[in-house]
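Just model-v9.cif here, mmCIF, C-alpha atoms:
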```cif
data_query
#
loop_
_atom_site.label_atom_id
_atom_site.label_comp_id
_atom_site.auth_asym_id
_atom_site.auth_seq_id
_atom_site.Cartn_x
_atom_site.Cartn_y
_atom_site.Cartn_z
CA MET A 1280 -33.15 80.71 -61.29
CA ASN A 1281 -31.67 84.21 -60.79
CA ASN A 1282 -28.26 84.67 -59.21
CA LYS A 1283 -29.58 85.97 -55.87
CA ASN A 1284 -31.93 83.02 -55.36
CA HIS A 1285 -29.23 80.59 -56.44
CA LYS A 1286 -26.80 81.93 -53.82
CA SER A 1287 -29.51 81.76 -51.16
CA ARG A 1288 -30.35 78.14 -51.98
CA THR A 1289 -26.66 77.28 -52.08
CA ARG A 1290 -26.14 78.75 -48.61
CA ARG A 1291 -29.18 76.93 -47.23
CA PHE A 1292 -27.98 73.67 -48.75
CA ARG A 1293 -24.56 74.02 -47.11
CA GLN A 1294 -26.21 74.61 -43.75
CA TRP A 1295 -28.43 71.58 -44.26
CA PHE A 1296 -25.47 69.44 -45.31
CA LYS A 1297 -23.47 70.39 -42.21
CA ARG A 1298 -26.38 69.31 -40.03
CA LYS A 1299 -26.56 65.98 -41.85
CA ARG A 1300 -22.85 65.39 -41.29
CA LYS A 1301 -23.26 65.97 -37.57
CA ARG A 1302 -26.11 63.47 -37.51
CA ALA A 1303 -23.98 60.70 -39.01
CA ASP A 1304 -24.19 57.49 -37.02
CA ARG A 1305 -22.06 57.59 -33.91
CA PHE A 1306 -20.70 54.13 -34.73
CA TYR A 1307 -19.37 55.30 -38.13
CA LEU A 1308 -15.76 56.05 -37.34
CA GLY A 1309 -14.53 57.04 -40.80
CA GLU A 1310 -13.88 60.65 -41.72
CA VAL A 1311 -16.59 62.15 -43.92
CA THR A 1312 -14.81 62.99 -47.17
CA ASP A 1313 -15.78 63.87 -50.70
CA SER A 1314 -15.71 60.19 -51.61
CA ASN A 1315 -18.02 58.85 -48.90
CA TRP A 1316 -20.28 61.61 -47.62
CA TRP A 1317 -23.40 60.07 -49.15
CA HIS A 1318 -23.20 57.23 -46.61
CA THR A 1319 -24.45 59.58 -43.91
CA ASP A 1320 -28.10 59.82 -43.00
CA TRP A 1321 -29.43 61.18 -46.30
CA ASP A 1322 -33.12 61.98 -46.48
CA GLU A 1323 -34.20 62.72 -50.06
CA ASP A 1324 -37.41 64.40 -49.05
CA GLU A 1325 -35.55 66.75 -46.74
CA GLY A 1326 -33.03 67.49 -49.49
CA GLU A 1327 -35.77 68.53 -51.89
CA GLU A 1328 -36.63 71.38 -49.54
CA PHE A 1329 -33.39 73.06 -50.59
CA LEU A 1330 -32.53 71.63 -53.99
CA ASP A 1331 -33.93 71.42 -57.48
CA ASP A 1332 -32.87 68.83 -60.07
CA SER A 1333 -30.12 71.07 -61.38
CA PHE A 1334 -28.43 71.26 -57.99
CA VAL A 1335 -28.73 67.75 -56.47
CA ILE A 1336 -25.31 66.31 -55.69
CA ARG A 1337 -24.93 62.58 -56.36
CA PRO A 1338 -21.94 60.23 -56.44
CA GLU A 1339 -20.35 60.64 -59.86
CA ASN A 1340 -20.49 57.75 -62.33
CA ASN A 1341 -22.02 55.37 -59.75
CA ASP A 1342 -25.34 53.59 -59.46
CA THR A 1343 -26.96 51.24 -56.96
CA CYS A 1344 -28.48 47.79 -57.12
CA GLU A 1345 -30.00 45.35 -54.65
CA LEU A 1346 -28.67 41.94 -53.64
CA ARG A 1347 -30.38 39.27 -51.56
CA VAL A 1348 -28.21 38.07 -48.67
CA PHE A 1349 -29.09 35.00 -46.62
CA VAL A 1350 -27.58 34.90 -43.12
CA GLY A 1351 -27.89 31.78 -40.99
CA THR A 1352 -26.62 30.53 -37.64
CA TRP A 1353 -26.62 27.07 -36.12
CA ASN A 1354 -25.07 25.56 -33.00
CA VAL A 1355 -24.60 21.92 -34.00
CA ALA A 1356 -23.53 20.67 -30.53
CA GLY A 1357 -20.24 19.11 -31.62
CA ARG A 1358 -21.81 16.76 -34.15
CA SER A 1359 -20.32 15.97 -37.55
CA PRO A 1360 -22.49 16.45 -40.66
CA VAL A 1361 -23.98 13.20 -41.93
CA GLY A 1362 -25.61 12.31 -45.22
CA SER A 1363 -29.13 12.35 -43.81
CA LEU A 1364 -28.60 15.98 -42.73
CA ALA A 1365 -28.85 17.14 -46.35
CA VAL A 1366 -32.64 17.43 -46.08
CA ASP A 1367 -32.34 19.62 -42.97
CA VAL A 1368 -29.72 21.86 -44.59
CA ASP A 1369 -31.89 22.22 -47.70
CA GLU A 1370 -34.82 23.36 -45.55
CA TRP A 1371 -32.60 25.73 -43.56
CA LEU A 1372 -31.17 27.42 -46.67
CA ASN A 1373 -34.69 27.99 -48.06
CA LEU A 1374 -33.64 27.44 -51.68
CA LYS A 1375 -37.14 28.15 -52.93
CA GLU A 1376 -36.22 31.81 -52.40
CA ALA A 1377 -32.60 31.51 -53.49
CA ALA A 1378 -30.33 34.35 -52.39
CA ASP A 1379 -27.38 35.92 -54.17
CA ILE A 1380 -25.08 35.43 -51.18
CA TYR A 1381 -25.19 32.82 -48.41
CA VAL A 1382 -23.37 33.60 -45.15
CA LEU A 1383 -23.53 30.78 -42.63
CA GLY A 1384 -22.19 30.76 -39.09
CA PHE A 1385 -21.79 27.63 -36.98
CA GLN A 1386 -20.94 27.03 -33.37
CA GLU A 1387 -19.51 23.85 -31.84
CA ILE A 1388 -18.66 22.11 -35.10
CA VAL A 1389 -16.30 20.14 -32.85
CA PRO A 1390 -16.86 19.17 -29.21
CA LEU A 1391 -15.44 21.81 -26.88
CA LYS A 1392 -12.99 19.43 -25.22
CA ALA A 1393 -9.51 20.38 -24.06
CA ARG A 1394 -7.72 18.78 -27.00
CA ASN A 1395 -9.83 20.80 -29.47
CA VAL A 1396 -9.59 24.07 -27.54
CA ILE A 1397 -5.85 23.94 -26.82
CA GLY A 1398 -4.59 21.81 -29.71
CA ALA A 1399 -3.81 22.77 -33.30
CA GLU A 1400 -6.70 23.65 -35.60
CA ASP A 1401 -8.11 20.69 -37.51
CA GLU A 1402 -9.98 21.73 -40.66
CA THR A 1403 -11.63 18.34 -41.22
CA GLU A 1404 -15.07 19.26 -39.90
CA ALA A 1405 -15.03 22.66 -41.60
CA THR A 1406 -14.30 20.93 -44.90
CA ASN A 1407 -17.07 18.40 -44.30
CA TRP A 1408 -19.59 21.19 -43.66
CA ASN A 1409 -18.43 23.08 -46.75
CA ILE A 1410 -18.82 19.98 -48.89
CA LEU A 1411 -22.37 19.42 -47.63
CA ILE A 1412 -23.30 23.09 -48.10
CA GLY A 1413 -21.78 23.20 -51.57
CA LYS A 1414 -23.68 20.09 -52.62
CA THR A 1415 -26.93 21.49 -51.25
CA LEU A 1416 -26.56 24.88 -52.94
CA ASN A 1417 -25.51 23.47 -56.29
CA ASN A 1418 -27.59 20.30 -56.43
CA LYS A 1419 -30.61 22.02 -58.02
CA TYR A 1420 -28.68 24.34 -60.30
CA GLY A 1421 -25.41 22.70 -61.38
CA CYS A 1422 -23.17 19.71 -60.85
CA PRO A 1423 -23.83 18.36 -57.35
CA TRP A 1424 -20.47 16.56 -57.16
CA LEU A 1425 -18.48 19.78 -57.69
CA THR A 1426 -18.04 21.94 -54.62
CA SER A 1427 -16.22 25.24 -54.97
CA ILE A 1428 -13.74 25.82 -52.16
CA SER A 1429 -11.54 28.88 -51.72
CA ASP A 1430 -8.77 29.54 -49.21
CA PRO A 1431 -9.38 33.09 -47.94
CA THR A 1432 -5.73 33.49 -47.00
CA SER A 1433 -4.61 32.89 -50.60
CA SER A 1434 -5.43 34.44 -53.95
CA GLU A 1435 -5.55 31.01 -55.55
CA ASN A 1436 -8.95 29.35 -56.10
CA TYR A 1437 -9.20 25.60 -56.10
CA GLN A 1438 -12.18 23.28 -56.32
CA TYR A 1439 -13.08 20.25 -54.28
CA ALA A 1440 -15.16 17.38 -55.58
CA GLY A 1441 -16.31 15.41 -52.58
CA VAL A 1442 -18.38 12.34 -53.41
CA SER A 1443 -18.44 11.36 -49.76
CA ASN A 1444 -16.98 12.73 -46.57
CA SER A 1445 -14.57 9.80 -46.34
CA GLU A 1446 -12.95 10.43 -49.72
CA ARG A 1447 -10.04 12.79 -50.24
CA PRO A 1448 -11.28 15.76 -52.31
CA ALA A 1449 -9.85 16.12 -55.79
CA ILE A 1450 -8.64 19.43 -57.20
CA PHE A 1451 -10.29 20.87 -60.30
CA ASP A 1452 -9.58 23.79 -62.57
CA SER A 1453 -11.39 26.92 -61.33
CA GLN A 1454 -12.81 27.95 -64.72
CA THR A 1455 -14.12 24.42 -65.47
CA ALA A 1456 -15.84 24.16 -62.10
CA SER A 1457 -17.37 27.61 -62.48
CA LEU A 1458 -19.28 26.38 -65.51
CA CYS A 1459 -21.03 23.78 -63.37
CA CYS A 1460 -21.40 25.44 -59.97
CA ARG A 1461 -23.99 28.11 -59.42
CA TYR A 1462 -22.47 29.07 -56.07
CA LYS A 1463 -18.79 29.39 -55.19
CA LEU A 1464 -17.16 29.61 -51.80
CA VAL A 1465 -15.28 32.89 -51.47
CA ALA A 1466 -14.33 32.83 -47.77
CA SER A 1467 -14.19 30.38 -44.90
CA LYS A 1468 -12.70 30.60 -41.40
CA LYS A 1469 -12.67 28.28 -38.39
CA MET A 1470 -11.58 28.85 -34.79
CA VAL A 1471 -12.04 25.77 -32.60
CA GLY A 1472 -15.83 25.27 -32.90
CA VAL A 1473 -16.81 28.63 -34.40
CA PHE A 1474 -17.01 28.57 -38.19
CA ILE A 1475 -18.09 30.97 -40.93
CA THR A 1476 -18.54 30.23 -44.62
CA VAL A 1477 -19.55 32.65 -47.41
CA TRP A 1478 -20.94 31.54 -50.77
CA VAL A 1479 -21.66 33.80 -53.74
CA LYS A 1480 -23.50 33.20 -56.99
CA THR A 1481 -21.04 32.62 -59.82
CA GLU A 1482 -23.08 35.09 -61.86
CA LEU A 1483 -22.28 37.83 -59.32
CA LEU A 1484 -18.57 37.07 -59.52
CA ARG A 1485 -18.75 37.70 -63.26
CA ARG A 1486 -20.94 40.78 -63.05
CA TYR A 1487 -19.51 42.66 -60.06
CA CYS A 1488 -16.10 43.30 -58.58
CA ILE A 1489 -15.82 41.38 -55.30
CA SER A 1490 -12.54 42.28 -53.67
CA SER A 1491 -10.58 42.69 -50.46
CA VAL A 1492 -11.77 39.42 -48.95
CA ARG A 1493 -10.20 39.18 -45.48
CA VAL A 1494 -10.79 37.03 -42.40
CA ALA A 1495 -10.19 37.60 -38.71
CA SER A 1496 -10.75 35.77 -35.44
CA VAL A 1497 -10.96 36.78 -31.79
CA ALA A 1498 -10.58 34.21 -29.02
CA CYS A 1499 -12.09 35.38 -25.73
CA GLY A 1500 -13.09 32.19 -23.96
CA ILE A 1501 -11.24 30.57 -21.05
CA MET A 1502 -8.85 33.08 -19.42
CA GLY A 1503 -10.05 35.60 -22.01
CA CYS A 1504 -7.80 34.15 -24.69
CA LEU A 1505 -8.87 30.62 -25.67
CA GLY A 1506 -11.09 29.88 -28.67
CA ASN A 1507 -13.91 27.96 -27.03
CA LYS A 1508 -15.74 31.30 -27.20
CA GLY A 1509 -15.21 34.24 -29.52
CA SER A 1510 -15.78 35.15 -33.15
CA VAL A 1511 -14.67 34.58 -36.71
CA SER A 1512 -15.30 37.35 -39.23
CA VAL A 1513 -15.22 37.94 -42.97
CA SER A 1514 -14.70 41.35 -44.55
CA MET A 1515 -15.32 41.88 -48.25
CA THR A 1516 -16.14 44.65 -50.69
CA ILE A 1517 -18.72 44.33 -53.46
CA GLU A 1518 -18.17 47.14 -55.94
CA GLY A 1519 -18.22 50.28 -53.74
CA THR A 1520 -19.88 48.79 -50.64
CA SER A 1521 -18.01 47.09 -47.81
CA PHE A 1522 -19.51 44.20 -45.83
CA CYS A 1523 -18.52 42.64 -42.52
CA PHE A 1524 -19.95 39.34 -41.29
CA ILE A 1525 -19.29 38.25 -37.69
CA ALA A 1526 -20.16 34.75 -36.48
CA ALA A 1527 -19.90 34.60 -32.69
CA HIS A 1528 -20.28 32.20 -29.81
CA LEU A 1529 -20.59 34.05 -26.51
CA ALA A 1530 -20.41 32.96 -22.87
CA SER A 1531 -23.16 30.65 -21.68
CA GLY A 1532 -25.07 30.74 -18.40
CA GLU A 1533 -28.34 32.06 -17.05
CA LYS A 1534 -27.23 33.05 -13.57
CA LYS A 1535 -27.33 36.68 -12.52
CA GLY A 1536 -24.30 38.47 -13.93
CA ASP A 1537 -23.66 36.03 -16.80
CA GLU A 1538 -24.96 38.62 -19.25
CA GLY A 1539 -22.09 40.85 -18.12
CA ARG A 1540 -19.57 38.28 -19.36
CA ARG A 1541 -21.32 38.20 -22.72
CA ASN A 1542 -21.27 41.99 -22.93
CA HIS A 1543 -17.57 42.02 -22.12
CA GLN A 1544 -16.88 39.53 -24.92
CA VAL A 1545 -18.86 41.66 -27.37
CA ALA A 1546 -16.74 44.66 -26.41
CA GLU A 1547 -13.58 42.59 -26.88
CA ILE A 1548 -14.68 41.45 -30.32
CA PHE A 1549 -15.32 45.05 -31.33
CA ARG A 1550 -11.94 46.10 -29.95
CA ARG A 1551 -9.77 43.24 -31.20
CA THR A 1552 -11.22 42.42 -34.62
CA SER A 1553 -8.85 43.82 -37.23
CA PHE A 1554 -8.55 43.16 -40.95
CA PRO A 1555 -5.06 43.58 -42.42
CA GLN A 1556 -4.25 46.32 -44.90
CA LEU A 1557 -2.51 44.91 -47.96
CA PRO A 1558 -0.18 46.62 -50.45
CA GLN A 1559 -2.59 45.98 -53.34
CA ASP A 1560 -5.22 48.13 -51.62
CA GLY A 1561 -3.39 51.18 -52.96
CA SER A 1562 -5.30 54.41 -52.64
CA ASN A 1563 -8.53 52.59 -51.71
CA PRO A 1564 -7.90 51.49 -48.12
CA HIS A 1565 -10.01 48.60 -46.90
CA PRO A 1566 -11.97 48.98 -43.63
CA LEU A 1567 -9.75 47.79 -40.80
CA THR A 1568 -12.37 47.38 -38.06
CA ILE A 1569 -15.95 46.17 -37.77
CA LEU A 1570 -17.73 49.49 -37.54
CA ARG A 1571 -15.91 51.09 -40.46
CA HIS A 1572 -17.84 48.86 -42.87
CA ASP A 1573 -20.93 50.08 -44.69
CA GLN A 1574 -23.04 47.05 -43.77
CA VAL A 1575 -22.40 44.73 -40.83
CA PHE A 1576 -24.10 41.48 -39.80
CA TRP A 1577 -23.50 39.93 -36.37
CA PHE A 1578 -24.98 36.50 -35.74
CA GLY A 1579 -24.47 33.31 -33.80
CA ASP A 1580 -25.17 31.62 -30.51
CA LEU A 1581 -25.10 34.90 -28.58
CA ASN A 1582 -26.42 33.07 -25.50
CA TYR A 1583 -28.52 35.96 -24.14
CA ARG A 1584 -31.24 34.59 -21.86
CA LEU A 1585 -34.49 35.73 -20.22
CA TYR A 1586 -34.90 37.78 -17.05
CA LEU A 1587 -37.78 35.49 -16.12
CA GLU A 1588 -38.47 32.49 -13.93
CA ASP A 1589 -38.57 29.17 -15.72
CA ASN A 1590 -42.25 28.35 -15.08
CA LEU A 1591 -43.41 31.79 -16.26
CA ALA A 1592 -41.29 31.56 -19.40
CA ARG A 1593 -42.73 28.16 -20.26
CA GLU A 1594 -46.24 29.47 -19.68
CA LEU A 1595 -45.71 32.28 -22.22
CA ILE A 1596 -44.17 29.80 -24.66
CA GLN A 1597 -47.19 27.54 -24.27
CA ARG A 1598 -49.39 30.54 -25.17
CA LYS A 1599 -47.02 31.54 -28.03
CA ASP A 1600 -47.00 35.06 -26.66
CA TRP A 1601 -43.68 36.00 -28.21
CA ARG A 1602 -44.14 39.73 -27.69
CA ALA A 1603 -44.65 39.38 -23.94
CA LEU A 1604 -41.69 37.00 -23.71
CA GLN A 1605 -39.40 39.44 -25.53
CA GLU A 1606 -39.96 42.03 -22.81
CA PHE A 1607 -37.70 39.88 -20.62
CA ASP A 1608 -35.11 39.14 -23.30
CA GLN A 1609 -31.59 40.25 -22.32
CA LEU A 1610 -30.50 41.06 -25.87
CA GLN A 1611 -33.46 43.39 -26.34
CA TRP A 1612 -32.11 45.39 -23.40
CA GLU A 1613 -28.66 45.53 -25.00
CA LEU A 1614 -30.13 46.71 -28.31
CA LYS A 1615 -31.88 49.59 -26.56
CA ASN A 1616 -29.24 50.81 -24.12
CA GLY A 1617 -26.31 48.41 -24.05
CA VAL A 1618 -23.41 47.06 -26.11
CA PHE A 1619 -25.55 46.71 -29.25
CA GLN A 1620 -27.23 50.11 -29.05
CA GLY A 1621 -27.96 51.32 -32.57
CA TRP A 1622 -28.06 47.80 -34.04
CA ARG A 1623 -31.24 46.24 -35.37
CA GLU A 1624 -32.99 42.90 -35.22
CA GLY A 1625 -36.10 41.70 -37.00
CA ASN A 1626 -39.35 40.85 -35.24
CA ILE A 1627 -39.10 37.50 -33.48
CA GLU A 1628 -42.19 35.49 -34.31
CA PHE A 1629 -40.92 32.03 -33.44
CA ALA A 1630 -40.32 29.96 -30.32
CA PRO A 1631 -37.06 30.10 -28.33
CA THR A 1632 -34.35 28.09 -30.04
CA TYR A 1633 -32.60 26.61 -26.95
CA LYS A 1634 -32.36 24.25 -25.06
CA TYR A 1635 -34.02 21.14 -26.45
CA SER A 1636 -33.79 17.95 -24.46
CA SER A 1637 -31.65 16.01 -26.93
CA SER A 1638 -31.24 15.40 -30.61
CA ASN A 1639 -34.34 14.01 -32.32
CA CYS A 1640 -36.48 15.59 -29.62
CA ASN A 1641 -38.94 18.47 -29.81
CA ARG A 1642 -39.20 19.06 -26.06
CA TYR A 1643 -37.37 21.72 -24.05
CA SER A 1644 -34.87 20.48 -21.48
CA GLY A 1645 -35.89 20.63 -17.83
CA GLY A 1646 -39.25 21.80 -16.60
CA VAL A 1647 -41.48 20.20 -14.01
CA PRO A 1648 -41.34 17.34 -13.47
CA SER A 1649 -37.71 17.14 -14.61
CA ARG A 1650 -36.25 13.96 -16.04
CA ALA A 1651 -33.25 12.21 -14.57
CA GLY A 1652 -29.94 13.46 -15.94
CA GLU A 1653 -31.54 16.33 -17.81
CA LYS A 1654 -30.17 19.85 -17.45
CA GLN A 1655 -32.55 22.46 -16.10
CA ARG A 1656 -32.47 25.36 -18.57
CA THR A 1657 -35.02 28.11 -19.10
CA PRO A 1658 -35.80 28.23 -22.84
CA ALA A 1659 -34.32 31.29 -24.55
CA TRP A 1660 -33.61 32.88 -27.92
CA CYS A 1661 -29.87 32.19 -27.83
CA ASP A 1662 -29.44 32.14 -31.62
CA ARG A 1663 -29.78 35.59 -33.17
CA ILE A 1664 -29.04 37.75 -36.22
CA LEU A 1665 -28.35 41.49 -35.91
CA TRP A 1666 -27.36 44.09 -38.49
CA TYR A 1667 -25.99 47.59 -38.64
CA GLY A 1668 -25.65 50.11 -41.45
CA LYS A 1669 -27.56 51.80 -44.24
CA GLY A 1670 -29.22 50.11 -47.19
CA VAL A 1671 -30.26 46.93 -45.35
CA ARG A 1672 -33.85 45.68 -45.25
CA GLN A 1673 -34.84 42.38 -43.68
CA LEU A 1674 -37.28 40.29 -45.71
CA SER A 1675 -37.74 37.37 -43.32
CA TYR A 1676 -36.55 36.05 -39.95
CA PHE A 1677 -37.33 32.48 -38.99
CA ARG A 1678 -36.12 29.31 -37.36
CA SER A 1679 -35.92 25.86 -38.89
CA GLU A 1680 -37.06 22.68 -37.19
CA SER A 1681 -34.06 20.38 -37.57
CA LYS A 1682 -33.65 18.16 -34.50
CA PHE A 1683 -29.94 17.60 -35.22
CA SER A 1684 -28.83 19.39 -32.03
CA ASP A 1685 -30.19 21.03 -28.87
CA HIS A 1686 -30.42 24.34 -30.80
CA ARG A 1687 -32.70 25.16 -33.71
CA PRO A 1688 -31.06 26.91 -36.68
CA VAL A 1689 -32.07 30.53 -37.34
CA SER A 1690 -32.07 32.40 -40.65
CA GLY A 1691 -32.59 35.88 -41.98
CA LEU A 1692 -33.06 36.96 -45.59
CA PHE A 1693 -32.02 40.53 -46.39
CA SER A 1694 -32.20 42.94 -49.28
CA THR A 1695 -29.02 45.00 -49.36
CA ARG A 1696 -28.27 48.00 -51.53
CA ILE A 1697 -24.77 48.25 -52.99
CA GLU A 1698 -23.02 51.03 -54.86
CA VAL A 1699 -22.00 49.94 -58.36
CA LEU A 1700 -18.85 51.55 -59.71
CA LYS A 1701 -19.50 52.42 -63.33
CA SER A 1702 -15.91 53.48 -63.84
CA ARG A 1703 -14.86 49.81 -63.83
CA ASN A 1704 -14.97 48.20 -67.25
CA PRO A 1705 -17.60 45.46 -67.60
CA GLY A 1706 -16.33 41.96 -67.12
CA THR A 1707 -13.34 42.84 -64.93
CA GLY A 1708 -14.64 41.18 -61.78
CA PRO A 1709 -12.58 38.45 -60.15
CA GLY A 1710 -14.89 35.79 -61.50
CA ASN A 1711 -13.56 36.35 -65.02
#
```
Mind turning the file's structure into structure tokens?
Amino acid sequence: MNNKNHKSRTRRFRQWFKRKRKRADRFYLGEVTDSNWWHTDWDEDEGEEFLDDSFVIRPENNDTCELRVFVGTWNVAGRSPVGSLAVDVDEWLNLKEAADIYVLGFQEIVPLKARNVIGAEDETEATNWNILIGKTLNNKYGCPWLTSISDPTSSENYQYAGVSNSERPAIFDSQTASLCCRYKLVASKKMVGVFITVWVKTELLRRYCISSVRVASVACGIMGCLGNKGSVSVSMTIEGTSFCFIAAHLASGEKKGDEGRRNHQVAEIFRRTSFPQLPQDGSNPHPLTILRHDQVFWFGDLNYRLYLEDNLARELIQRKDWRALQEFDQLQWELKNGVFQGWREGNIEFAPTYKYSSSNCNRYSGGVPSRAGEKQRTPAWCDRILWYGKGVRQLSYFRSESKFSDHRPVSGLFSTRIEVLKSRNPGTGPGN
């Protein structure tokens, strides 16, 4: 290419690049610098209009790869996990299509009574759920009696071996347990009844650098400060890509105006969620807030209801006309023009997940004629999974049919693209 044409193409490229910077997502709050500009809305086809192969700018010494991330949410109505629940958990986790990372959010793992809301945190139920999940994930691939548990507030890894929920877990050497367990727990956080747990394939811990694992919680329930409602979050970085996972339980209610309380809590979670900066971060500062992450997943019992009378909603459910029903869904409105504008959700092709009459029942609560002592609730998709950011593609979105509580668990399987840092020497990940 002659010098004149080269200068012309260079000038055109700079103009194009400035436009792309201006079009960066309005929720991305970080400054566009030389180290992160490729996270903006890059369109390769549009770039080819200005560039040839000798001029394309790419991140130096980096590559990308895809990981499968399973995200699940389940309101368990204050019930403790029991041995017979293992079959339900196995179906929920869909191990026939095993993911690289499992991120599970729970609501009401303890009853929302005053002593649980106001009293000191009791980790018993969180540990019981982690033991059951660890057994389920590792049963087909490793030693089912070894469950890998990690305290996210400490750099030390220790392993639990829980033969039954009533036995005190024993502590095992991390390297020995890693040989048996296919999945290891890298983060876990509980606030009253809201609980998040993140499991990663041991193979990934050896292959990639997983760092900066942080947790945060926001209580915005009673009086705007108690933990009966709110969120627990995990922030982590895999190679050069930062992830944020938010498990939330928002205000209930289907009266007019209740959606406003939910929206306010969402805004509070955005505002108050903060991940601490640590000295070891050095010159690579970790994202401090939700929207500074590259990829964000928000899931839980979000409690958004339907702008529709009960009998009409049940009629559409009877016809399985999910598309028509979604036109009245409150969260769909928020995704278009409200607090979740710019976020995404997969196509809902399953029945509303709440409220079922009781455990071991496949009938919605209320209706006509109503049964004595039964709450009148219009069925709704209370349990949802949303995502935000580039490089995320949803592969499936479904509900499971466990009758353990008055909610049905919901799951999403995602393909996520991460940036692999070639400058790091092989085998230096935290799993080694």
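Among the candidates A:Val1350, A:Leu1374, A:Val1492, A:Met1470, the one nearest to Glu1402 (chain A) when counting all atoms listed in the file is A:Met1470.
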Expand the PyMOL selection byres ((chain A and resi 1521-1526) around 7) into the explicit residue set it covers here, and present it as an mmCIF file with C-alpha atoms, in the coordinates of the input.
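That gives us expr_4.cif:
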```cif
data_model
loop_
_atom_site.group_PDB
_atom_site.id
_atom_site.type_symbol
_atom_site.label_atom_id
_atom_site.label_comp_id
_atom_site.auth_asym_id
_atom_site.auth_seq_id
_atom_site.Cartn_x
_atom_site.Cartn_y
_atom_site.Cartn_z
ATOM 1 C CA GLY A 1384 -22.190 30.760 -39.090
ATOM 2 C CA ILE A 1475 -18.090 30.970 -40.930
ATOM 3 C CA SER A 1510 -15.780 35.150 -33.150
ATOM 4 C CA VAL A 1511 -14.670 34.580 -36.710
ATOM 5 C CA SER A 1512 -15.300 37.350 -39.230
ATOM 6 C CA VAL A 1513 -15.220 37.940 -42.970
ATOM 7 C CA SER A 1514 -14.700 41.350 -44.550
ATOM 8 C CA MET A 1515 -15.320 41.880 -48.250
ATOM 9 C CA THR A 1516 -16.140 44.650 -50.690
ATOM 10 C CA ILE A 1517 -18.720 44.330 -53.460
ATOM 11 C CA GLY A 1519 -18.220 50.280 -53.740
ATOM 12 C CA THR A 1520 -19.880 48.790 -50.640
ATOM 13 C CA ALA A 1527 -19.900 34.600 -32.690
ATOM 14 C CA ILE A 1569 -15.950 46.170 -37.770
ATOM 15 C CA HIS A 1572 -17.840 48.860 -42.870
ATOM 16 C CA ASP A 1573 -20.930 50.080 -44.690
ATOM 17 C CA GLN A 1574 -23.040 47.050 -43.770
ATOM 18 C CA VAL A 1575 -22.400 44.730 -40.830
ATOM 19 C CA PHE A 1576 -24.100 41.480 -39.800
ATOM 20 C CA TRP A 1577 -23.500 39.930 -36.370
ATOM 21 C CA PHE A 1578 -24.980 36.500 -35.740
ATOM 22 C CA GLY A 1579 -24.470 33.310 -33.800
#
```
Can you spell out as a PDB file with C-alpha atoms, keeping the file's coordinate frame the set of residues that the PyMOL selection byres ((chain A and resi 1642) around 12) selects in the structure I just provided?
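Resulting contents of result_15.pdb:
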```pdb
ATOM      1  CA  ARG A1593     -42.730  28.160 -20.260  1.00  0.00           C
ATOM      2  CA  ILE A1596     -44.170  29.800 -24.660  1.00  0.00           C
ATOM      3  CA  GLN A1597     -47.190  27.540 -24.270  1.00  0.00           C
ATOM      4  CA  ALA A1630     -40.320  29.960 -30.320  1.00  0.00           C
ATOM      5  CA  PRO A1631     -37.060  30.100 -28.330  1.00  0.00           C
ATOM      6  CA  THR A1632     -34.350  28.090 -30.040  1.00  0.00           C
ATOM      7  CA  TYR A1633     -32.600  26.610 -26.950  1.00  0.00           C
ATOM      8  CA  LYS A1634     -32.360  24.250 -25.060  1.00  0.00           C
ATOM      9  CA  TYR A1635     -34.020  21.140 -26.450  1.00  0.00           C
ATOM     10  CA  SER A1636     -33.790  17.950 -24.460  1.00  0.00           C
ATOM     11  CA  SER A1637     -31.650  16.010 -26.930  1.00  0.00           C
ATOM     12  CA  SER A1638     -31.240  15.400 -30.610  1.00  0.00           C
ATOM     13  CA  ASN A1639     -34.340  14.010 -32.320  1.00  0.00           C
ATOM     14  CA  CYS A1640     -36.480  15.590 -29.620  1.00  0.00           C
ATOM     15  CA  ASN A1641     -38.940  18.470 -29.810  1.00  0.00           C
ATOM     16  CA  TYR A1643     -37.370  21.720 -24.050  1.00  0.00           C
ATOM     17  CA  SER A1644     -34.870  20.480 -21.480  1.00  0.00           C
ATOM     18  CA  GLY A1645     -35.890  20.630 -17.830  1.00  0.00           C
ATOM     19  CA  GLY A1646     -39.250  21.800 -16.600  1.00  0.00           C
ATOM     20  CA  SER A1649     -37.710  17.140 -14.610  1.00  0.00           C
ATOM     21  CA  ARG A1650     -36.250  13.960 -16.040  1.00  0.00           C
ATOM     22  CA  GLU A1653     -31.540  16.330 -17.810  1.00  0.00           C
ATOM     23  CA  ARG A1656     -32.470  25.360 -18.570  1.00  0.00           C
ATOM     24  CA  PRO A1658     -35.800  28.230 -22.840  1.00  0.00           C
ATOM     25  CA  GLU A1680     -37.060  22.680 -37.190  1.00  0.00           C
ATOM     26  CA  LYS A1682     -33.650  18.160 -34.500  1.00  0.00           C
ATOM     27  CA  SER A1684     -28.830  19.390 -32.030  1.00  0.00           C
ATOM     28  CA  ASP A1685     -30.190  21.030 -28.870  1.00  0.00           C
ATOM     29  CA  HIS A1686     -30.420  24.340 -30.800  1.00  0.00           C
ATOM     30  CA  ARG A1687     -32.700  25.160 -33.710  1.00  0.00           C
TER      31      ARG A1687
END
```
For the atom pair CA of Ala1530 (chain A) and CA of Thr1552 (chain A), what is the interatomic distance in Å to one decimal place?
->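 These two atoms are separated by 17.7 Å.
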To verify the selection step, state as JSON, numbers by chain which residues the PyMOL selection byres ((chain A and resi 1606) around 12) yields on this input.
-> {"A": [1584, 1585, 1586, 1587, 1592, 1595, 1600, 1601, 1602, 1603, 1604, 1605, 1607, 1608, 1609, 1610, 1611, 1612, 1615, 1627]}
